[in-house]
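**Student:** Input file: run04.cif. Contents: mmCIF, C-alpha atoms and all ligand atoms.
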data_upload
#
loop_
_atom_site.label_atom_id
_atom_site.label_comp_id
_atom_site.auth_asym_id
_atom_site.auth_seq_id
_atom_site.Cartn_x
_atom_site.Cartn_y
_atom_site.Cartn_z
CA MET A 16 13.89 17.14 -14.70
CA SER A 17 11.80 14.05 -15.16
CA SER A 18 12.56 11.49 -17.78
CA ALA A 19 10.02 9.00 -16.46
CA ALA A 20 6.76 10.84 -17.08
CA PRO A 21 4.67 8.28 -18.94
CA GLY A 22 2.98 8.91 -22.22
CA ALA A 23 -0.51 7.87 -23.24
CA ALA A 24 0.69 4.40 -24.24
CA GLU A 25 1.98 3.62 -20.77
CA LEU A 26 -1.14 4.94 -19.11
CA GLU A 27 -3.20 2.86 -21.50
CA ALA A 28 -1.14 -0.23 -20.67
CA ALA A 29 -1.63 0.34 -16.97
CA HIS A 30 -5.38 0.16 -17.45
CA ARG A 31 -5.37 -3.41 -18.75
CA SER A 32 -7.09 -6.07 -16.73
CA GLY A 33 -5.45 -9.16 -15.29
CA ARG A 34 -1.94 -9.49 -13.88
CA LEU A 35 0.37 -6.99 -15.58
CA GLU A 36 3.59 -8.72 -14.53
CA TRP A 37 5.62 -5.66 -15.45
CA PRO A 38 9.42 -6.10 -15.52
CA VAL A 39 11.60 -4.68 -12.75
CA GLU A 40 12.67 -1.58 -14.73
CA ARG A 41 9.10 -0.50 -15.37
CA LEU A 42 8.13 -1.18 -11.76
CA THR A 43 11.08 0.89 -10.55
CA ALA A 44 10.05 3.80 -12.77
CA LYS A 45 6.43 3.50 -11.67
CA ALA A 46 7.40 3.49 -7.99
CA LEU A 47 9.17 6.80 -8.61
CA ASP A 48 5.98 8.16 -10.18
CA ILE A 49 4.03 6.98 -7.15
CA ARG A 50 6.37 8.90 -4.83
CA ARG A 51 6.00 12.01 -7.01
CA ASP A 52 2.22 11.64 -6.87
CA ILE A 53 2.28 11.28 -3.08
CA VAL A 54 4.33 14.42 -2.51
CA THR A 55 2.35 16.41 -5.07
CA LEU A 56 -1.09 15.53 -3.75
CA LEU A 57 0.04 16.16 -0.17
CA SER A 58 1.47 19.52 -1.14
CA LYS A 59 -1.82 20.44 -2.79
CA SER A 60 -4.00 19.23 0.07
CA GLN A 61 -1.77 20.43 2.92
CA THR A 62 -3.23 17.62 5.01
CA GLY A 63 -2.54 13.89 5.24
CA HIS A 64 0.17 11.31 5.92
CA SER A 65 3.61 11.30 4.27
CA GLY A 66 5.84 8.71 5.98
CA GLY A 67 3.86 5.44 5.63
CA PRO A 68 2.75 6.09 2.05
CA LEU A 69 6.38 6.58 0.99
CA SER A 70 7.51 3.40 2.75
CA CYS A 71 4.77 1.40 0.98
CA ALA A 72 5.53 2.76 -2.51
CA ASP A 73 7.81 -0.04 -3.77
CA PHE A 74 5.94 -3.13 -2.61
CA GLY A 75 2.67 -1.34 -3.41
CA THR A 76 3.82 -0.85 -7.00
CA ALA A 77 4.89 -4.50 -7.25
CA LEU A 78 1.50 -5.52 -5.90
CA PHE A 79 -0.58 -3.39 -8.27
CA PHE A 80 1.57 -3.59 -11.42
CA HIS A 81 2.81 -7.17 -11.20
CA GLU A 82 0.97 -9.35 -8.75
CA LEU A 83 -2.72 -8.53 -8.60
CA ASN A 84 -5.29 -9.95 -10.98
CA ILE A 85 -7.64 -6.96 -11.25
CA ASP A 86 -9.65 -4.98 -13.76
CA PRO A 87 -9.52 -1.32 -12.69
CA ALA A 88 -12.16 -0.35 -15.28
CA ASN A 89 -14.47 -2.85 -13.65
CA PRO A 90 -13.59 -2.76 -9.94
CA ARG A 91 -16.18 -5.40 -9.08
CA TRP A 92 -14.94 -7.82 -11.75
CA PRO A 93 -16.01 -11.19 -10.34
CA GLU A 94 -12.66 -12.83 -11.15
CA ARG A 95 -10.62 -10.25 -9.26
CA ASP A 96 -8.08 -10.79 -6.54
CA TYR A 97 -8.93 -8.94 -3.35
CA TRP A 98 -6.61 -6.29 -1.92
CA HIS A 99 -7.04 -4.29 1.24
CA PHE A 100 -4.90 -1.77 3.11
CA SER A 101 -5.66 -2.29 6.78
CA ILE A 102 -3.55 0.83 7.42
CA GLY A 103 -6.21 3.16 6.07
CA HIS A 104 -4.21 6.28 6.85
CA VAL A 105 -1.82 5.61 3.94
CA THR A 106 -4.39 6.85 1.40
CA PRO A 107 -1.83 8.93 -0.55
CA VAL A 108 -0.17 5.72 -1.73
CA ILE A 109 -3.43 3.79 -2.04
CA TYR A 110 -5.04 6.44 -4.26
CA SER A 111 -1.87 6.97 -6.27
CA LEU A 112 -1.59 3.23 -6.98
CA MET A 113 -5.27 3.11 -7.89
CA ALA A 114 -5.14 6.13 -10.18
CA GLU A 115 -1.90 5.06 -11.87
CA ARG A 116 -3.42 1.61 -12.43
CA GLY A 117 -6.56 3.09 -13.93
CA TYR A 118 -9.31 2.94 -11.31
CA PHE A 119 -9.95 6.68 -11.71
CA PRO A 120 -8.31 9.69 -13.38
CA LEU A 121 -4.98 10.96 -12.07
CA ARG A 122 -6.51 14.41 -11.70
CA ASP A 123 -8.67 13.09 -8.84
CA LEU A 124 -5.48 12.94 -6.74
CA MET A 125 -5.45 16.73 -6.75
CA LYS A 126 -8.77 16.68 -4.86
CA PHE A 127 -7.39 14.58 -2.00
CA ARG A 128 -9.24 15.28 1.25
CA THR A 129 -11.66 17.78 -0.31
CA PHE A 130 -15.44 17.74 -0.27
CA GLU A 131 -15.51 17.97 -4.09
CA GLY A 132 -13.46 14.80 -4.53
CA HIS A 133 -14.05 11.14 -3.65
CA ALA A 134 -10.53 10.62 -2.25
CA GLN A 135 -11.19 11.04 1.44
CA GLY A 136 -8.52 11.04 4.14
CA HIS A 137 -9.26 7.40 4.96
CA PRO A 138 -10.57 4.94 2.36
CA SER A 139 -14.33 4.94 1.98
CA ALA A 140 -16.14 2.15 0.18
CA HIS A 141 -19.05 4.56 -0.28
CA ASP A 142 -16.99 7.14 -2.15
CA THR A 143 -14.16 5.57 -4.14
CA PRO A 144 -14.66 2.92 -6.85
CA GLY A 145 -12.35 0.01 -6.07
CA ILE A 146 -12.25 0.49 -2.31
CA GLU A 147 -13.95 -2.69 -1.13
CA VAL A 148 -14.27 -1.84 2.54
CA SER A 149 -13.71 1.35 4.50
CA ALA A 150 -10.66 1.50 6.77
CA GLY A 151 -8.88 3.69 9.28
CA SER A 152 -9.45 1.94 12.57
CA LEU A 153 -6.30 -0.15 12.83
CA GLY A 154 -6.30 -3.89 13.39
CA GLN A 155 -9.43 -4.86 11.49
CA GLY A 156 -8.22 -5.53 7.97
CA LEU A 157 -6.87 -9.04 8.42
CA SER A 158 -10.21 -10.13 9.88
CA VAL A 159 -11.97 -8.69 6.83
CA CYS A 160 -9.56 -10.56 4.57
CA ASN A 161 -10.14 -13.80 6.51
CA GLY A 162 -13.82 -13.47 5.72
CA VAL A 163 -13.14 -12.90 2.04
CA ALA A 164 -10.74 -15.86 1.99
CA MET A 165 -13.26 -18.17 3.66
CA GLY A 166 -15.91 -16.98 1.21
CA ALA A 167 -13.64 -17.72 -1.73
CA ARG A 168 -13.01 -21.22 -0.41
CA ILE A 169 -16.71 -21.92 0.04
CA ASP A 170 -17.40 -20.63 -3.48
CA HIS A 171 -14.44 -22.56 -4.97
CA HIS A 172 -13.24 -19.21 -6.27
CA PRO A 173 -9.52 -19.11 -7.23
CA ARG A 174 -8.92 -15.54 -6.06
CA ARG A 175 -5.99 -14.56 -3.88
CA ILE A 176 -6.35 -12.10 -1.03
CA TYR A 177 -3.72 -9.52 -0.03
CA CYS A 178 -3.80 -7.55 3.21
CA VAL A 179 -1.34 -4.71 3.87
CA MET A 180 -0.68 -4.03 7.56
CA GLY A 181 1.57 -1.67 9.50
CA ASP A 182 4.18 -2.57 12.10
CA GLY A 183 2.67 -0.25 14.70
CA GLU A 184 -0.62 -1.87 13.78
CA GLN A 185 0.80 -5.19 14.99
CA GLN A 186 0.10 -3.90 18.51
CA GLU A 187 -3.63 -4.42 17.91
CA GLY A 188 -4.96 -7.56 19.60
CA GLN A 189 -7.42 -8.27 16.79
CA ILE A 190 -4.50 -8.96 14.43
CA TRP A 191 -3.50 -11.99 16.46
CA GLU A 192 -6.98 -13.43 16.68
CA ALA A 193 -7.17 -13.10 12.91
CA ALA A 194 -3.70 -14.68 12.56
CA MET A 195 -4.86 -17.69 14.58
CA PHE A 196 -8.01 -18.02 12.48
CA ALA A 197 -6.22 -17.91 9.12
CA ALA A 198 -3.69 -20.54 10.18
CA HIS A 199 -6.35 -22.79 11.70
CA TYR A 200 -8.34 -22.76 8.47
CA ARG A 201 -5.19 -23.06 6.33
CA LEU A 202 -6.03 -20.01 4.24
CA ASP A 203 -3.12 -20.42 1.85
CA HIS A 204 -4.67 -18.03 -0.69
CA LEU A 205 -4.26 -15.24 1.89
CA CYS A 206 -1.09 -13.14 1.91
CA GLY A 207 -0.32 -10.50 4.53
CA ILE A 208 2.23 -7.78 3.82
CA ILE A 209 3.66 -5.85 6.76
CA ASP A 210 5.18 -2.42 6.15
CA TYR A 211 7.98 -2.88 8.70
CA ASN A 212 9.26 0.71 8.77
CA HIS A 213 10.01 0.55 12.52
CA LYS A 214 8.19 3.84 13.19
CA GLN A 215 4.69 4.76 14.15
CA ILE A 216 2.72 7.86 15.02
CA ASP A 217 4.63 8.78 18.20
CA GLY A 218 8.10 7.32 17.68
CA ASP A 219 9.93 4.00 17.37
CA VAL A 220 7.67 0.96 17.44
CA GLU A 221 10.08 -0.77 19.83
CA ASP A 222 9.91 2.14 22.30
CA ILE A 223 6.13 2.39 22.27
CA MET A 224 5.19 -1.29 22.44
CA GLY A 225 7.75 -3.57 20.86
CA VAL A 226 6.72 -6.13 18.26
CA LYS A 227 10.05 -7.99 18.03
CA PRO A 228 10.73 -10.71 17.19
CA LEU A 229 8.04 -10.13 14.59
CA ALA A 230 8.91 -12.97 12.22
CA ASP A 231 9.02 -15.47 15.09
CA LYS A 232 5.64 -14.29 16.33
CA TRP A 233 4.04 -14.99 12.95
CA ARG A 234 5.89 -18.31 12.66
CA SER A 235 4.57 -19.32 16.05
CA PHE A 236 1.07 -18.63 14.75
CA ASN A 237 1.86 -21.18 12.01
CA TRP A 238 2.17 -18.75 9.11
CA ASN A 239 4.64 -19.09 6.24
CA VAL A 240 6.90 -16.10 6.94
CA ILE A 241 8.86 -14.40 4.16
CA GLU A 242 11.21 -11.55 5.03
CA CYS A 243 12.47 -9.12 2.41
CA ASP A 244 13.87 -5.67 1.78
CA GLY A 245 10.66 -3.75 1.11
CA HIS A 246 12.43 -1.39 -1.31
CA ASP A 247 14.09 -4.09 -3.43
CA ILE A 248 11.67 -4.82 -6.23
CA PRO A 249 13.24 -8.11 -7.42
CA GLY A 250 13.17 -9.37 -3.82
CA ILE A 251 9.57 -8.27 -3.41
CA LEU A 252 8.59 -10.13 -6.60
CA ARG A 253 10.33 -13.26 -5.35
CA SER A 254 8.45 -12.92 -2.06
CA PHE A 255 5.09 -12.69 -3.79
CA ALA A 256 5.99 -15.72 -5.92
CA ALA A 257 7.04 -17.68 -2.83
CA ALA A 258 3.76 -16.81 -1.10
CA ARG A 259 1.78 -17.90 -4.15
CA ALA A 260 3.67 -21.20 -4.32
CA HIS A 261 3.22 -22.07 -0.65
CA GLY A 262 0.39 -24.47 0.10
CA GLY A 263 -1.41 -25.31 3.32
CA ARG A 264 -0.69 -22.14 5.32
CA PRO A 265 -1.25 -18.40 4.93
CA SER A 266 1.84 -16.36 4.10
CA VAL A 267 3.03 -13.07 5.48
CA ILE A 268 5.68 -10.94 3.80
CA ILE A 269 7.53 -8.82 6.33
CA ALA A 270 8.80 -5.99 4.15
CA ASP A 271 11.63 -4.12 5.83
CA THR A 272 11.20 -0.47 4.85
CA VAL A 273 12.15 3.09 5.76
CA MET A 274 9.45 5.55 6.72
CA GLY A 275 9.50 8.50 4.32
CA ARG A 276 11.74 6.62 1.87
CA GLY A 277 12.73 8.70 -1.16
CA VAL A 278 12.69 12.12 0.50
CA SER A 279 15.92 12.80 2.36
CA TYR A 280 14.53 14.96 5.15
CA MET A 281 11.61 12.61 5.83
CA ALA A 282 13.52 9.32 5.82
CA ASP A 283 13.35 7.37 9.07
CA ASP A 284 11.76 10.28 10.95
CA TYR A 285 8.51 9.42 12.73
CA ARG A 286 7.52 13.10 12.81
CA TRP A 287 6.56 12.67 9.13
CA HIS A 288 4.06 9.93 9.98
CA GLY A 289 1.04 12.18 9.76
CA LYS A 290 1.83 15.55 8.25
CA PRO A 291 2.23 16.86 4.70
CA PRO A 292 5.23 18.82 3.41
CA LYS A 293 4.71 22.55 3.19
CA PRO A 294 4.87 23.81 -0.43
CA ASP A 295 8.55 24.79 -0.24
CA GLN A 296 9.42 21.47 1.41
CA ALA A 297 7.44 19.65 -1.27
CA GLU A 298 9.37 21.45 -3.99
CA THR A 299 12.63 20.27 -2.42
CA ALA A 300 11.27 16.73 -2.24
CA LEU A 301 10.07 16.77 -5.83
CA GLN A 302 13.44 18.07 -7.03
CA GLU A 303 15.03 15.12 -5.21
CA LEU A 304 12.57 12.89 -7.03
CA GLY A 305 13.60 14.38 -10.36
CA THR A 306 10.65 16.64 -11.07
CA SER A 307 8.96 19.81 -9.81
CA TYR A 308 5.56 20.68 -8.43
CA ALA A 309 4.69 22.56 -11.63
CA GLU A 310 5.63 19.64 -13.84
CA TRP A 311 4.07 16.88 -11.78
CA SER A 312 0.84 18.65 -10.89
CA ALA A 313 0.40 19.46 -14.60
CA ARG A 314 0.85 15.76 -15.41
CA LEU A 315 -1.77 14.78 -12.86
CA LEU A 316 -4.26 17.39 -14.01
CA ALA A 317 -3.80 16.38 -17.65
CA HIS A 318 -5.07 12.81 -17.12
C1 LIG B 401 -7.66 1.40 16.51
C2 LIG B 401 -6.80 2.61 16.20
N1 LIG B 401 -6.02 3.12 17.18
C3 LIG B 401 -5.26 4.21 16.94
C4 LIG B 401 -5.28 4.80 15.70
C5 LIG B 401 -4.45 6.03 15.44
N2 LIG B 401 -3.31 5.75 14.57
C6 LIG B 401 -3.32 6.05 13.27
S1 LIG B 401 -1.94 5.62 12.48
C7 LIG B 401 -1.24 5.04 13.91
C8 LIG B 401 0.16 4.44 13.93
C9 LIG B 401 0.23 3.22 13.10
O1 LIG B 401 1.56 2.82 13.02
P1 LIG B 401 2.04 1.97 11.80
O2 LIG B 401 1.12 0.83 11.59
O3 LIG B 401 3.46 1.64 12.04
O4 LIG B 401 1.87 2.96 10.56
P2 LIG B 401 2.96 4.04 10.03
O5 LIG B 401 3.28 4.94 11.18
O6 LIG B 401 4.14 3.28 9.57
O7 LIG B 401 2.25 4.77 8.92
C10 LIG B 401 -2.11 5.19 14.97
C11 LIG B 401 -1.83 4.78 16.36
C12 LIG B 401 -6.12 4.23 14.71
N3 LIG B 401 -6.17 4.72 13.46
N4 LIG B 401 -6.84 3.12 14.99
#
Take the structure I supplied and represent it as structure tokens, if you would.
**Tutor:**
Amino acid sequence: MSSAAPGAAELEAAHRSGRLEWPVERLTAKALDIRRDIVTLLSKSQTGHSGGPLSCADFGTALFFHELNIDPANPRWPERDYWHFSIGHVTPVIYSLMAERGYFPLRDLMKFRTFEGHAQGHPSAHDTPGIEVSAGSLGQGLSVCNGVAMGARIDHHPRRIYCVMGDGEQQEGQIWEAAMFAAHYRLDHLCGIIDYNHKQIDGDVEDIMGVKPLADKWRSFNWNVIECDGHDIPGILRSFAAARAHGGRPSVIIADTVMGRGVSYMADDYRWHGKPPKPDQAETALQELGTSYAEWSARLLAH
């Protein structure tokens, strides 16, 4: 059974504004919570994506609980960094990160993809506080982030901008126009993060339309390229620090991940890209993650 369920003090701490800069141990425990949230909300909703959200859980936790300067109680805080998931379909991890960080109550996760809730299948800026721009149509997010980065430069605003992309998403032409733009304008306060899980909706990325050599492609577009194990939190933190320290060019962190990471029967299997676990499968997954549906759903509903 779970030993990592947080008490009120931890939830309170997660709601603080600014950069939390949590230590590795706390980030590791929080990433486990995020995976438990993802499986639980998907089991409840019986609709939504499993694989990508689980591959994003570790770097997503590092982003939200260490790197970002944000105020979840005041999502439009003028000083905030800007974050955007261009892969809008990974809402289970986006909403879990947001709720755990304090943008809205954890219980809202149990209304994922319902008409009563705000947590729609793809992020909606009209429905969810903290979602800056709606997403779901792949390829557009880096262009949005370019605009925000240019705006920040014009306004002499010190914010940093983070854009999470998928590896299948790299097949979108608009990504490469945006990559050219960011390098041309030397948007060094812009950081891309690619969830390089090697799978997409219909199979292996390399079989469908290969993106290799991905790092060389970004280098050739004059980006500062940082490669890391996307499940190794110390390495992820070093990558964020390296991106922050790099001047004159935008940075992209290519985070090598495993689709479905954390759930044995989902790991590295593209067939889990877009479906939820059935309740009995979710129970198995949650046991693997050290909890149960009863325990974790009760935790979510209590906050
Ligand atoms: C413009 C556009 N084309 C197609 C889709 C359908 N679609 C949704 S997710 C996806 C695969 C994306 O692959 P990847 O970026 O690797 O995400 P992952 O499978 O790792 O979650 C596709 C093709 C879409 N959302 N937008």
**Student:** With distances taken over all atoms listed in the file, which of A:Asn84, A:Gln186, A:Ser149, A:Thr299 is nearest to ligand LIG 401 (chain B)?
**Tutor:**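 Under the stated criterion, the closest residue is A:Gln186.
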**Student:** Rank A:Arg91, A:Pro107, A:Glu131, A:Gly188 by their smallest atom-to-atom distance to Ile146 in chain A, using all atoms listed in the file, and report the top residue only.
**Tutor:**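 Looking only at the distances to Ile146 in chain A, the closest residue turns out to be A:Arg91.
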**Student:** When distances are computed from only C-alpha atoms, which of A:Thr129, A:Val54, A:Asp244, A:His137 shows the smallest separation from Gln302 in chain A?
**Tutor:** A:Val54
**Student:** Contacts of Ile109 in chain A at 9 Å or less, counting all atoms listed in the file, minus same-chain residues fewer than 5 places along, as a VMD selection string?
**Tutor:** chain A and resid 68 75 100 103 114 138
**Student:** Within 6 Å of ligand LIG 401 (chain B), counting only C-alpha atoms and all ligand atoms: which residues, as a list in words?
**Tutor:**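 My answer, listing the contacting residues, is Gly67, Gly151, Ser152, Leu153, Gly181, Asp182, Gly183, Glu184, Asn212, Lys214, Gln215, Ile216 and His288 of chain A.
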**Student:** Please save C-alpha atoms of the selected residues as a PDB file, in the frame of the given file.
**Tutor:**
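Okay, this is what ended up in selection-v7.pdb:
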ATOM      1  CA  GLY A  67       3.860   5.440   5.630  1.00  0.00           C
ATOM      2  CA  GLY A 151      -8.880   3.690   9.280  1.00  0.00           C
ATOM      3  CA  SER A 152      -9.450   1.940  12.570  1.00  0.00           C
ATOM      4  CA  LEU A 153      -6.300  -0.150  12.830  1.00  0.00           C
ATOM      5  CA  GLY A 181       1.570  -1.670   9.500  1.00  0.00           C
ATOM      6  CA  ASP A 182       4.180  -2.570  12.100  1.00  0.00           C
ATOM      7  CA  GLY A 183       2.670  -0.250  14.700  1.00  0.00           C
ATOM      8  CA  GLU A 184      -0.620  -1.870  13.780  1.00  0.00           C
ATOM      9  CA  ASN A 212       9.260   0.710   8.770  1.00  0.00           C
ATOM     10  CA  LYS A 214       8.190   3.840  13.190  1.00  0.00           C
ATOM     11  CA  GLN A 215       4.690   4.760  14.150  1.00  0.00           C
ATOM     12  CA  ILE A 216       2.720   7.860  15.020  1.00  0.00           C
ATOM     13  CA  HIS A 288       4.060   9.930   9.980  1.00  0.00           C
TER      14      HIS A 288
END
**Student:** Do you know which residues lie at most 10 Å from (-10.5, -10.0, 9.4), with coordinates as in the file and all atoms listed in the file counted, and could you write them as a count of residues only?
**Tutor:** 20
**Student:** Suppose you want the space between CA of Leu205 in chain A and CA of His171 in chain A; what is it in Å?
**Tutor:** 14.3 Å
**Student:** A:Leu47, A:Ile53, A:Ile208, A:Ala198: which is nearest Thr76 in chain A, counting only C-alpha atoms?
**Tutor:** A:Leu47
**Student:** My list of candidates is A:Trp98, A:Tyr177, A:Trp287, A:Trp191. Which is closest to Leu69 in chain A when distances are computed with all atoms listed in the file?
**Tutor:**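 Closest to Leu69 in chain A of all the choices is A:Trp287.
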**Student:** Which residue is closest to Met281 in chain A? Choose from A:Ser70, A:Thr306, A:Asn239, A:Thr43 and count all atoms listed in the file.
**Tutor:**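 For Met281 in chain A, the nearest of the candidates is A:Ser70.
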**Student:** Just want the 9 Å neighbourhood of range 307-311 of chain A, counted on only C-alpha atoms, with same-chain residues fewer than 2 positions away dropped. Output as a PyMOL selection string.
**Tutor:** chain A and resi 16-17+20+51-52+54-55+58+294+297-305+313-316
**Student:** Could you name the residues that touch Ala257 in chain A at 10 Å or less, counting all atoms listed in the file, but leaving out those on the same chain fewer than 4 positions away, as number ranges by chain?
**Tutor:** A: 239-241, 251-253, 261-262, 266, 268
**Student:** Measure the distance from CA of Asp170 in chain A to CA of Arg259 in chain A in Å and round it to one decimal.
**Tutor:**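 If I compute the distance from CA of Asp170 in chain A to CA of Arg259 in chain A, I get 19.4 Å.
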**Student:** Skip Ala134 in chain A itself and residues of its chain fewer than 2 positions away, then list as a list of chain:residue names all residues within 10 Å of it, counting all atoms listed in the file.
**Tutor:**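 Result of the neighbour search: A:Thr106, A:Pro107, A:Ile109, A:Tyr110, A:Asp123, A:Leu124, A:Met125, A:Lys126, A:Phe127, A:Arg128, A:Thr129, A:Phe130, A:Glu131, A:Gly132, A:Gly136, A:His137, A:Pro138, A:Ser139, A:Asp142, A:Thr143, A:Pro144.
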**Student:** Can you list, as a list in words, every protein, DNA or RNA residue that comes within 12 Å of Arg286 in chain A when you count only C-alpha atoms, leaving out same-chain residues fewer than 6 positions away?
**Tutor:** His64, Ser65, Gly66, Gly67, Lys214, Gln215, Ile216, Asp217, Gly218, Asp219, Met274, Gly275, Tyr280 and Pro292 of chain A
